[in-house]
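Enquirer: Input: one structure, supplied below.
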Amino acid sequence: MGSEFSKDGCFHFPTMDRWNLDSLRSNLCKPPESCGGCINILLVGLVGAGKSSLINTFLSALDRQGRTITCVPTGMNNESLTPELRSYKAGSFKFWDTTGWNVLKYPDWTRRVLPMILEGRVHNGTNLQHFKPVLEDSKYPVIPENVIHGVALIFNIDTIDLISENDMEVFQKLQTIVAQKYVHRVVIGTKFELLGIPEKHNAWIYEYKPLQRKFEMLAESTGLDMRSMFVVSNLWRGGQIEMIRCILALYVLDNMVRNINQLRKVIGKADSVQRCETIRFSTVRALQWH
């Protein structure tokens, strides 16, 4: 493939064959027990990063027949820019679409609203542009089926090095909040075709040096591990999504599911230890009282 490819900076080696595609689809159709039967994934990114298109890609890749699904409005039309929290379900997944963080008018959105979305305290269909929560948290009870289990931070991989310093600072705050809430997060780069890789070499996209340099730059500026960075293609032809594009999308979801399940097991053990410690402390206090 030439000098433009290298395995030295490569962390992902998805197998590009029909067996792996069928295996990924089969594994991902099983409801995750640790998440109540449905994994909620929140997509966050700048306007035009490809969030809505990515949801269509995920829905299509999960389809057993690989049919292209385009139920999510895309592009720069008014409907696709409606600043609502929207969800789209496919099997054991529910994908949550948000408006671009760089067009939100509410300056305190990052600190106040994002944690509420992650905790499942914001209703589906809420207009995020006009949503200004009051300080009394009891007015926004947790909706169990809306609790977010994983966050995908979406970037146009072609223009990632052109993001303004201010927008990158906001991104760093976003991903820090997600980490503090113990929610698994990944970075997904879209539109990798614009990097110039020949289509016949898409199966080796993670070995493509220009992509590796993009990941290195993002890791350096944010502190995120390159192993949590992936790419997905949103380009299709006709009524079917190609095998390689399916596998690239499903590979990300499979990675997220495994890490979410592992993280929730750790959190569950920690909660169990905390509950035992609380019971022990209460028992000791009661004995001392008597």
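Labeling convention for the structure tokens: chains A, B, ... as they appear, residues from 1 per chain, ligands from 1 in order of appearance.
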I'd like the neighbourhood of Arg213 in chain A as a ChimeraX atom specification, where a residue qualifies if any of its atoms comes within 12 Å (using only C-alpha atoms), though same-chain residues fewer than 6 positions away should be ignored.
Expert: /A:4-6,8-10,157-158,160-161,195,206-207,219-220,226
Enquirer: Kindly export the residues of the current selection with N, CA and C atoms, as a JSON list (two decimals), in the first residue's frame.
Expert:
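Result file is again.json:
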```
[["chain", "number", "residue", "atom", "x", "y", "z"],
["A", 4, "GLU", "N", 2.31, 5.64, 2.77],
["A", 4, "GLU", "CA", 1.26, 6.38, 3.46],
["A", 4, "GLU", "C", 0.59, 5.56, 4.55],
["A", 5, "PHE", "N", 1.00, 4.29, 4.71],
["A", 5, "PHE", "CA", 0.39, 3.42, 5.69],
["A", 5, "PHE", "C", 1.44, 2.90, 6.67],
["A", 6, "SER", "N", 1.03, 2.80, 7.95],
["A", 6, "SER", "CA", 1.94, 2.30, 8.97],
["A", 6, "SER", "C", 1.15, 1.66, 10.10],
["A", 8, "ASP", "N", 2.58, 1.19, 13.02],
["A", 8, "ASP", "CA", 3.21, 1.67, 14.26],
["A", 8, "ASP", "C", 2.26, 2.51, 15.10],
["A", 9, "GLY", "N", 1.45, 3.36, 14.46],
["A", 9, "GLY", "CA", 0.54, 4.21, 15.21],
["A", 9, "GLY", "C", -0.89, 3.71, 15.17],
["A", 10, "CYS", "N", -1.07, 2.42, 14.94],
["A", 10, "CYS", "CA", -2.41, 1.85, 14.75],
["A", 10, "CYS", "C", -2.84, 1.07, 16.00],
["A", 157, "ILE", "N", -13.22, 14.70, 10.70],
["A", 157, "ILE", "CA", -11.80, 14.38, 10.80],
["A", 157, "ILE", "C", -10.96, 15.20, 9.82],
["A", 158, "ASP", "N", -11.58, 15.66, 8.75],
["A", 158, "ASP", "CA", -10.84, 16.43, 7.74],
["A", 158, "ASP", "C", -10.51, 17.83, 8.23],
["A", 160, "ILE", "N", -10.54, 18.85, 11.58],
["A", 160, "ILE", "CA", -10.37, 18.85, 13.03],
["A", 160, "ILE", "C", -9.27, 19.81, 13.49],
["A", 161, "ASP", "N", -8.26, 20.03, 12.63],
["A", 161, "ASP", "CA", -7.17, 20.93, 13.02],
["A", 161, "ASP", "C", -7.52, 22.39, 12.78],
["A", 195, "LEU", "N", -9.75, 12.80, 3.45],
["A", 195, "LEU", "CA", -8.30, 12.75, 3.67],
["A", 195, "LEU", "C", -7.56, 12.26, 2.44],
["A", 206, "TYR", "N", -7.22, 2.66, 9.59],
["A", 206, "TYR", "CA", -6.51, 2.96, 10.84],
["A", 206, "TYR", "C", -4.99, 2.92, 10.68],
["A", 207, "GLU", "N", -4.52, 2.35, 9.59],
["A", 207, "GLU", "CA", -3.09, 2.35, 9.31],
["A", 207, "GLU", "C", -2.67, 3.51, 8.42],
["A", 219, "ALA", "N", -5.23, 13.90, 20.51],
["A", 219, "ALA", "CA", -4.82, 13.35, 21.80],
["A", 219, "ALA", "C", -3.94, 14.33, 22.56],
["A", 220, "GLU", "N", -3.06, 15.02, 21.84],
["A", 220, "GLU", "CA", -2.16, 15.98, 22.48],
["A", 220, "GLU", "C", -2.91, 17.18, 23.04],
["A", 226, "MET", "N", -5.64, 7.68, 22.27],
["A", 226, "MET", "CA", -5.94, 7.40, 20.87],
["A", 226, "MET", "C", -6.68, 6.08, 20.68]]
```
Enquirer: According to DSSP computed on the backbone, where in range 71-175 of chain A is there alpha helix (DSSP H)? Give the residues as a ChimeraX atom specification.
Expert: /A:114-118,165-175
Enquirer: For range 156-224 of chain A versus range 238-248 of chain A, which residues have an atom no more than 12 Å away, and what is each residue's nearest atom pair and distance in Å rounded to one decimal, using only C-alpha atoms, chain-then-number order, as a tab-separated table?
Expert:
```
residue	atom	partner	partner_atom	distance
A:Ile188	CA	A:Leu248	CA	10.6
A:Gly189	CA	A:Leu248	CA	11.2
A:Thr190	CA	A:Leu248	CA	11.1
A:Lys191	CA	A:Arg245	CA	11.8
A:Phe192	CA	A:Arg245	CA	11.5
A:Glu193	CA	A:Arg245	CA	11.5
A:Glu199	CA	A:Ile244	CA	10.2
A:Lys200	CA	A:Ile244	CA	10.2
A:His201	CA	A:Ile244	CA	10.2
A:Asn202	CA	A:Ile244	CA	7.4
A:Ala203	CA	A:Ile244	CA	6.4
A:Trp204	CA	A:Ile244	CA	10.0
A:Ile205	CA	A:Leu248	CA	9.5
A:Tyr206	CA	A:Leu248	CA	10.2
```
Enquirer: Just want the 8 Å neighbourhood of range 27-30 of chain A, counted on only C-alpha atoms, with same-chain residues fewer than 5 positions away dropped. Output as a ChimeraX atom specification.
Expert: /A:91-92,253-254
